[in-house]
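Accompanying notes for the structure given below.
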Amino acid sequence: MRWMPPSALAAAALLLALAPSLGGAAEIRTTDLAGNEIVLSKPAERIVALPAPSAPTVMAADRSADRLVGMHQTVAEVAKGGLLGRLFPRLNQLPASLLSAGKSAFMPNVEAIAALEPDLVLQRGELGPQVVSPLAEAGLKTALVVYGDEETTRRNIRLMADLTGHPERAEALIGWRDEVLARIRRPEKTAGKTPTVLFLSRLAGHLVVTGKGTPTDFAIAAAGGRNLAAERSGSITVTAEQIMIWDPEVILLNSADRDLQPADIRNDPLLSGTAAAKAGRVYKVLVGAFRWEPPNAENPLLWLWLAKLFHPDANGYDLRAEVRRGLSLVYGSDPTDAEIDRLLLADVNRGTLNYDRIVGP
């Protein structure tokens with residue numbers, strides 16, 4: 001046996017002792033939003049993201065779409081012909097019809113999902129075991145996400161960063177959220193009148209507003225507004241008469257409702273009588289790479305846009321520059337000037353109060 005000095009022997013012994021831990025350095029251990037421990041031998045490489053915001057959150061954590069093998073139809077629709085599809089062309093070829101028609105929303109099409117050979121499936125955790133059990137019974141490793149308040153969104157971001165092996169990305173994305181909030185929440189930013197606000201959707205012919213415990217409610221409050229529907233939680237079906245009673249000073253229109261435009265409110269026999277319609281403060285919410293209202297890494301851009309709408313004199317930042325910086329930070333790629341022009345919806349929101357001034361030249 002070849003002689004080795006004592007120092008070399010000690011070093012060799014230390015390496016042998018560390019070998020098991022070094023060999024398992026890529027192992028992932030984390031906890032999903034339902035409190036389940038998730039253990040992976042290495043970062044997930046083939047992910048099916050059934051909740052729509054999970055796919056762009058995975059991409060934000062990984063700055064790539066390479067780990068996705070399936071996603072929600074909504075992501076495919078946003079990507080098609082849009083900024084998300086330009087940044088990540090892979091999305092335009094991914095399967096997006098992975099849910100089955102059934103009594104429960106988000107019922108997975110287990111056969112279609114299993115055919116993609118995922119090493120991880122992301123599923124909604126708050127919808128109950130009926131949408132989770134079929135995945136477990138098929139032997140598909142599943143991590144659960146939950147929609148909710150800002151703290152829940154941050155936990156989702158941390159989960160995606162852990163699952164893709166990039167915990168440092170969670171720190172960067174959450175740090176940006178904190179930095180934006182610190183800027184727009186300073187007392188001098190919201191001094192004076194706080195506008196009353198409703199976030200409005202139209203679903204199956206019914207008017208729906210968004211209450212407390214939601215990313216939209218958080219965004220309104222963070223930007224210096226007051227959500228008139230905040231006495232109730234979640235999505236609330238209302239009548240035009242109820243909206244007239246509330247008489248909001250600002251109405252925000254869901255970006256997902258393509259057929260719901262500011263002109264619809266201005267021309268409505270009842271809603272045209274609201275303070276918002278009379279003052280020209282009905283705005284269509286923007287879409288960046290992904291939609292800004294659901295819980296995802298782009299949410300701070302909604303906060304910055306709303307703060308400009310609510311208090312333009314107190315928020316002198318360049319919104320175009322903020323959009324460029326934010327999307328670069330989230331996805332690692334800059335939008336073009338033309339893409340920023342399109343996402344700011346200057347044509348759709350033309351004529352609304354202060355909008356030309358807010359979006360800049």
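A note on labels: chains of the structure tokens are A, B, ... as shown, every chain counts residues from 1, and ligands are counted from 1 in their shown order.
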
Could you list, as an NGL selection string, every residue within 8 Å of Gly288 (chain A), counting only C-alpha atoms and ignoring same-chain residues fewer than 4 positions away? :A and (83-84 or 292 or 298 or 327 or 343)

Convert the current residue selection to file output with C-alpha atoms, as a PDB file, in the first residue's frame.
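Result file is out_30.pdb:
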ATOM      1  CA  LEU A  83     -45.114  37.988 -25.142  1.00  0.00           C
ATOM      2  CA  LEU A  84     -45.060  34.752 -23.120  1.00  0.00           C
ATOM      3  CA  TRP A 292     -51.173  40.188 -13.618  1.00  0.00           C
ATOM      4  CA  GLU A 298     -45.461  39.301 -12.195  1.00  0.00           C
ATOM      5  CA  LEU A 327     -40.095  41.217 -16.822  1.00  0.00           C
ATOM      6  CA  LEU A 343     -49.248  45.377 -23.157  1.00  0.00           C
TER       7      LEU A 343
END

Pull the closest atom pair for each residue of region 95-188 of chain A that gets at most 12 Å from region 26-32 of chain A, along with the distance in Å to one decimal, counting only C-alpha atoms, ordering rows by chain and then ascending residue number, as a Markdown table.
| residue | atom | partner | partner_atom | distance |
| --- | --- | --- | --- | --- |
| A:Val121 | CA | A:Asp32 | CA | 11.8 |
| A:Leu122 | CA | A:Asp32 | CA | 9.7 |
| A:Gln123 | CA | A:Asp32 | CA | 10.4 |
| A:Arg124 | CA | A:Asp32 | CA | 10.8 |
| A:Gly125 | CA | A:Asp32 | CA | 9.1 |
| A:Glu126 | CA | A:Asp32 | CA | 11.9 |
| A:Lys141 | CA | A:Asp32 | CA | 11.9 |
| A:Thr142 | CA | A:Asp32 | CA | 9.3 |
| A:Ala143 | CA | A:Asp32 | CA | 5.7 |
| A:Leu144 | CA | A:Asp32 | CA | 5.6 |
| A:Val145 | CA | A:Asp32 | CA | 6.6 |
| A:Val146 | CA | A:Asp32 | CA | 9.0 |
| A:Thr152 | CA | A:Asp32 | CA | 11.0 |
| A:Arg155 | CA | A:Asp32 | CA | 8.5 |
| A:Asn156 | CA | A:Asp32 | CA | 8.0 |
| A:Ile157 | CA | A:Asp32 | CA | 10.8 |
| A:Arg158 | CA | A:Thr30 | CA | 9.4 |
| A:Leu159 | CA | A:Asp32 | CA | 6.5 |
| A:Met160 | CA | A:Asp32 | CA | 9.4 |
| A:Ala161 | CA | A:Thr30 | CA | 10.1 |
| A:Asp162 | CA | A:Thr30 | CA | 6.7 |
| A:Leu163 | CA | A:Ile28 | CA | 6.7 |
| A:Thr164 | CA | A:Ile28 | CA | 8.7 |
| A:Gly165 | CA | A:Ile28 | CA | 7.2 |
| A:His166 | CA | A:Ile28 | CA | 10.4 |
| A:Pro167 | CA | A:Ile28 | CA | 10.5 |

Kindly export the residues of the current selection with C-alpha atoms, as a PDB file, in the first residue's frame.
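Produced file part_21.pdb, reproduced below:
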ATOM      1  CA  VAL A 121     -47.689  17.087 -11.196  1.00  0.00           C
ATOM      2  CA  LEU A 122     -48.821  20.417  -9.716  1.00  0.00           C
ATOM      3  CA  GLN A 123     -52.487  20.488  -8.697  1.00  0.00           C
ATOM      4  CA  ARG A 124     -54.910  22.776  -6.853  1.00  0.00           C
ATOM      5  CA  GLY A 125     -54.926  21.816  -3.184  1.00  0.00           C
ATOM      6  CA  GLU A 126     -57.949  23.777  -1.972  1.00  0.00           C
ATOM      7  CA  LYS A 141     -46.061  12.310  -7.577  1.00  0.00           C
ATOM      8  CA  THR A 142     -48.105  15.418  -6.853  1.00  0.00           C
ATOM      9  CA  ALA A 143     -47.411  18.736  -5.118  1.00  0.00           C
ATOM     10  CA  LEU A 144     -50.346  20.929  -4.144  1.00  0.00           C
ATOM     11  CA  VAL A 145     -50.595  24.673  -4.600  1.00  0.00           C
ATOM     12  CA  VAL A 146     -53.244  26.954  -3.121  1.00  0.00           C
ATOM     13  CA  THR A 152     -49.811  32.275   0.114  1.00  0.00           C
ATOM     14  CA  ARG A 155     -45.196  30.333  -0.441  1.00  0.00           C
ATOM     15  CA  ASN A 156     -46.111  29.180  -3.950  1.00  0.00           C
ATOM     16  CA  ILE A 157     -43.093  31.016  -5.378  1.00  0.00           C
ATOM     17  CA  ARG A 158     -40.813  29.405  -2.794  1.00  0.00           C
ATOM     18  CA  LEU A 159     -42.265  25.977  -3.599  1.00  0.00           C
ATOM     19  CA  MET A 160     -41.627  26.350  -7.348  1.00  0.00           C
ATOM     20  CA  ALA A 161     -38.084  27.564  -6.677  1.00  0.00           C
ATOM     21  CA  ASP A 162     -37.417  24.585  -4.388  1.00  0.00           C
ATOM     22  CA  LEU A 163     -38.880  22.057  -6.831  1.00  0.00           C
ATOM     23  CA  THR A 164     -36.740  23.351  -9.707  1.00  0.00           C
ATOM     24  CA  GLY A 165     -33.589  23.488  -7.571  1.00  0.00           C
ATOM     25  CA  HIS A 166     -33.322  27.282  -7.508  1.00  0.00           C
ATOM     26  CA  PRO A 167     -34.133  28.466  -3.966  1.00  0.00           C
TER      27      PRO A 167
END

Closest pair table for region 236-316 of chain A residues within 10 Å of region 170-190 of chain A, only C-alpha atoms, as a Markdown table:
| residue | atom | partner | partner_atom | distance |
| --- | --- | --- | --- | --- |
| A:Ala297 | CA | A:Leu173 | CA | 6.7 |
| A:Glu298 | CA | A:Leu173 | CA | 9.1 |
| A:Asn299 | CA | A:Arg177 | CA | 8.1 |
| A:Pro300 | CA | A:Arg177 | CA | 5.8 |
| A:Leu301 | CA | A:Val180 | CA | 8.7 |
| A:Trp303 | CA | A:Val180 | CA | 7.9 |
| A:Leu304 | CA | A:Ile184 | CA | 7.4 |
| A:Leu306 | CA | A:Ile184 | CA | 9.8 |
| A:Ala307 | CA | A:Ile184 | CA | 6.7 |
| A:Lys308 | CA | A:Ile184 | CA | 9.3 |
| A:Phe310 | CA | A:Thr190 | CA | 8.6 |
| A:His311 | CA | A:Thr190 | CA | 6.8 |
| A:Pro312 | CA | A:Lys189 | CA | 9.2 |
| A:Asp313 | CA | A:Lys189 | CA | 8.5 |
| A:Ala314 | CA | A:Lys189 | CA | 5.0 |
| A:Asn315 | CA | A:Lys189 | CA | 6.8 |

Could those selected residues go to a file with N, CA and C atoms, as a compact mmCIF listing (two decimals), in the first residue's frame?
# COMPACT_ATOMS: atom_id res chain seq x y z
N ALA A 297 -45.46 35.50 -10.30
CA ALA A 297 -44.28 36.34 -10.05
C ALA A 297 -44.39 37.74 -10.64
N GLU A 298 -45.32 37.97 -11.57
CA GLU A 298 -45.46 39.30 -12.20
C GLU A 298 -46.34 40.26 -11.40
N ASN A 299 -46.93 39.84 -10.30
CA ASN A 299 -47.88 40.69 -9.56
C ASN A 299 -47.38 42.09 -9.24
N PRO A 300 -46.09 42.30 -8.91
CA PRO A 300 -45.66 43.67 -8.60
C PRO A 300 -45.90 44.67 -9.73
N LEU A 301 -45.96 44.21 -10.97
CA LEU A 301 -46.25 45.13 -12.07
C LEU A 301 -47.69 45.63 -11.99
N TRP A 303 -49.24 46.09 -9.12
CA TRP A 303 -49.21 47.06 -8.02
C TRP A 303 -48.69 48.42 -8.51
N LEU A 304 -47.63 48.38 -9.32
CA LEU A 304 -47.07 49.63 -9.83
C LEU A 304 -48.05 50.35 -10.75
N LEU A 306 -51.38 50.08 -10.76
CA LEU A 306 -52.51 50.60 -9.97
C LEU A 306 -52.10 51.83 -9.17
N ALA A 307 -50.92 51.82 -8.60
CA ALA A 307 -50.47 52.99 -7.83
C ALA A 307 -50.43 54.23 -8.71
N LYS A 308 -50.04 54.05 -9.98
CA LYS A 308 -50.05 55.16 -10.94
C LYS A 308 -51.48 55.62 -11.24
N PHE A 310 -54.16 55.28 -9.26
CA PHE A 310 -54.81 55.85 -8.08
C PHE A 310 -54.19 57.17 -7.65
N HIS A 311 -52.87 57.26 -7.72
CA HIS A 311 -52.15 58.44 -7.20
C HIS A 311 -51.04 58.84 -8.17
N PRO A 312 -51.39 59.31 -9.36
CA PRO A 312 -50.37 59.61 -10.37
C PRO A 312 -49.39 60.71 -9.95
N ASP A 313 -49.85 61.67 -9.17
CA ASP A 313 -48.96 62.76 -8.77
C ASP A 313 -47.90 62.30 -7.78
N ALA A 314 -48.21 61.25 -7.00
CA ALA A 314 -47.29 60.80 -5.96
C ALA A 314 -46.33 59.72 -6.44
N ASN A 315 -46.58 59.17 -7.63
CA ASN A 315 -45.75 58.07 -8.13
C ASN A 315 -45.16 58.47 -9.48

Contacts of Arg325 (chain A) at 8 Å or less, counting only C-alpha atoms, minus same-chain residues fewer than 4 places along, as a ChimeraX atom specification? /A:321,329,334

Next, the residues of the selection above should be written as a PDB file, in the first residue's frame with C-alpha atoms.
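To be explicit, this is the file written out as selection39.pdb:
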ATOM      1  CA  ALA A 321     -39.016  51.216 -17.430  1.00  0.00           C
ATOM      2  CA  LEU A 329     -35.974  40.136 -13.498  1.00  0.00           C
ATOM      3  CA  ASP A 334     -36.372  42.016 -21.993  1.00  0.00           C
TER       4      ASP A 334
END

Closest contacts (region 93-137 of chain A/region 58-77 of chain A, max 7 Å, only C-alpha atoms) as CSV:
residue,atom,partner,partner_atom,distance
A:Leu94,CA,A:Gly70,CA,5.7
A:Pro95,CA,A:Gly70,CA,5.0
A:Ala96,CA,A:Gln73,CA,4.7
A:Ser97,CA,A:Gln73,CA,6.1
A:Leu116,CA,A:Val69,CA,6.7

What does the file look like for those residues with N, CA and C atoms, as a PDB file, in the first residue's frame?
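File produced: again.pdb:
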ATOM      1  N   LEU A  94     -46.734  22.695 -26.240  1.00  0.00           N
ATOM      2  CA  LEU A  94     -47.023  21.837 -25.088  1.00  0.00           C
ATOM      3  C   LEU A  94     -48.500  21.457 -25.025  1.00  0.00           C
ATOM      4  N   PRO A  95     -48.810  20.229 -24.565  1.00  0.00           N
ATOM      5  CA  PRO A  95     -50.207  19.838 -24.344  1.00  0.00           C
ATOM      6  C   PRO A  95     -50.857  20.709 -23.281  1.00  0.00           C
ATOM      7  N   ALA A  96     -52.102  21.110 -23.536  1.00  0.00           N
ATOM      8  CA  ALA A  96     -52.795  21.996 -22.595  1.00  0.00           C
ATOM      9  C   ALA A  96     -54.222  21.536 -22.305  1.00  0.00           C
ATOM     10  N   SER A  97     -54.614  20.384 -22.796  1.00  0.00           N
ATOM     11  CA  SER A  97     -55.963  19.861 -22.537  1.00  0.00           C
ATOM     12  C   SER A  97     -55.827  18.653 -21.623  1.00  0.00           C
ATOM     13  N   LEU A 116     -47.537  11.694 -20.494  1.00  0.00           N
ATOM     14  CA  LEU A 116     -46.451  12.664 -20.590  1.00  0.00           C
ATOM     15  C   LEU A 116     -45.249  12.282 -19.730  1.00  0.00           C
TER      16      LEU A 116
END

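Among the candidates A:Asp347, A:Ile340, A:Leu33, A:Arg320, the one nearest to Gly360 (chain A) when counting only C-alpha atoms is A:Arg320.
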
Name the residues in contact with Lys284 (chain A) at a cut-off of 12 Å, using only C-alpha atoms, excluding same-chain residues fewer than 6 positions from it; report them as a ChimeraX atom specification. /A:199-201,250-265,291-293,302,305-306,309,343-350,352,355

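Each of A:Pro294, A:Pro108, A:Gly280, A:Gly213 was compared to Thr57 (chain A) using only C-alpha atoms, and A:Pro294 turns out to be the nearest.
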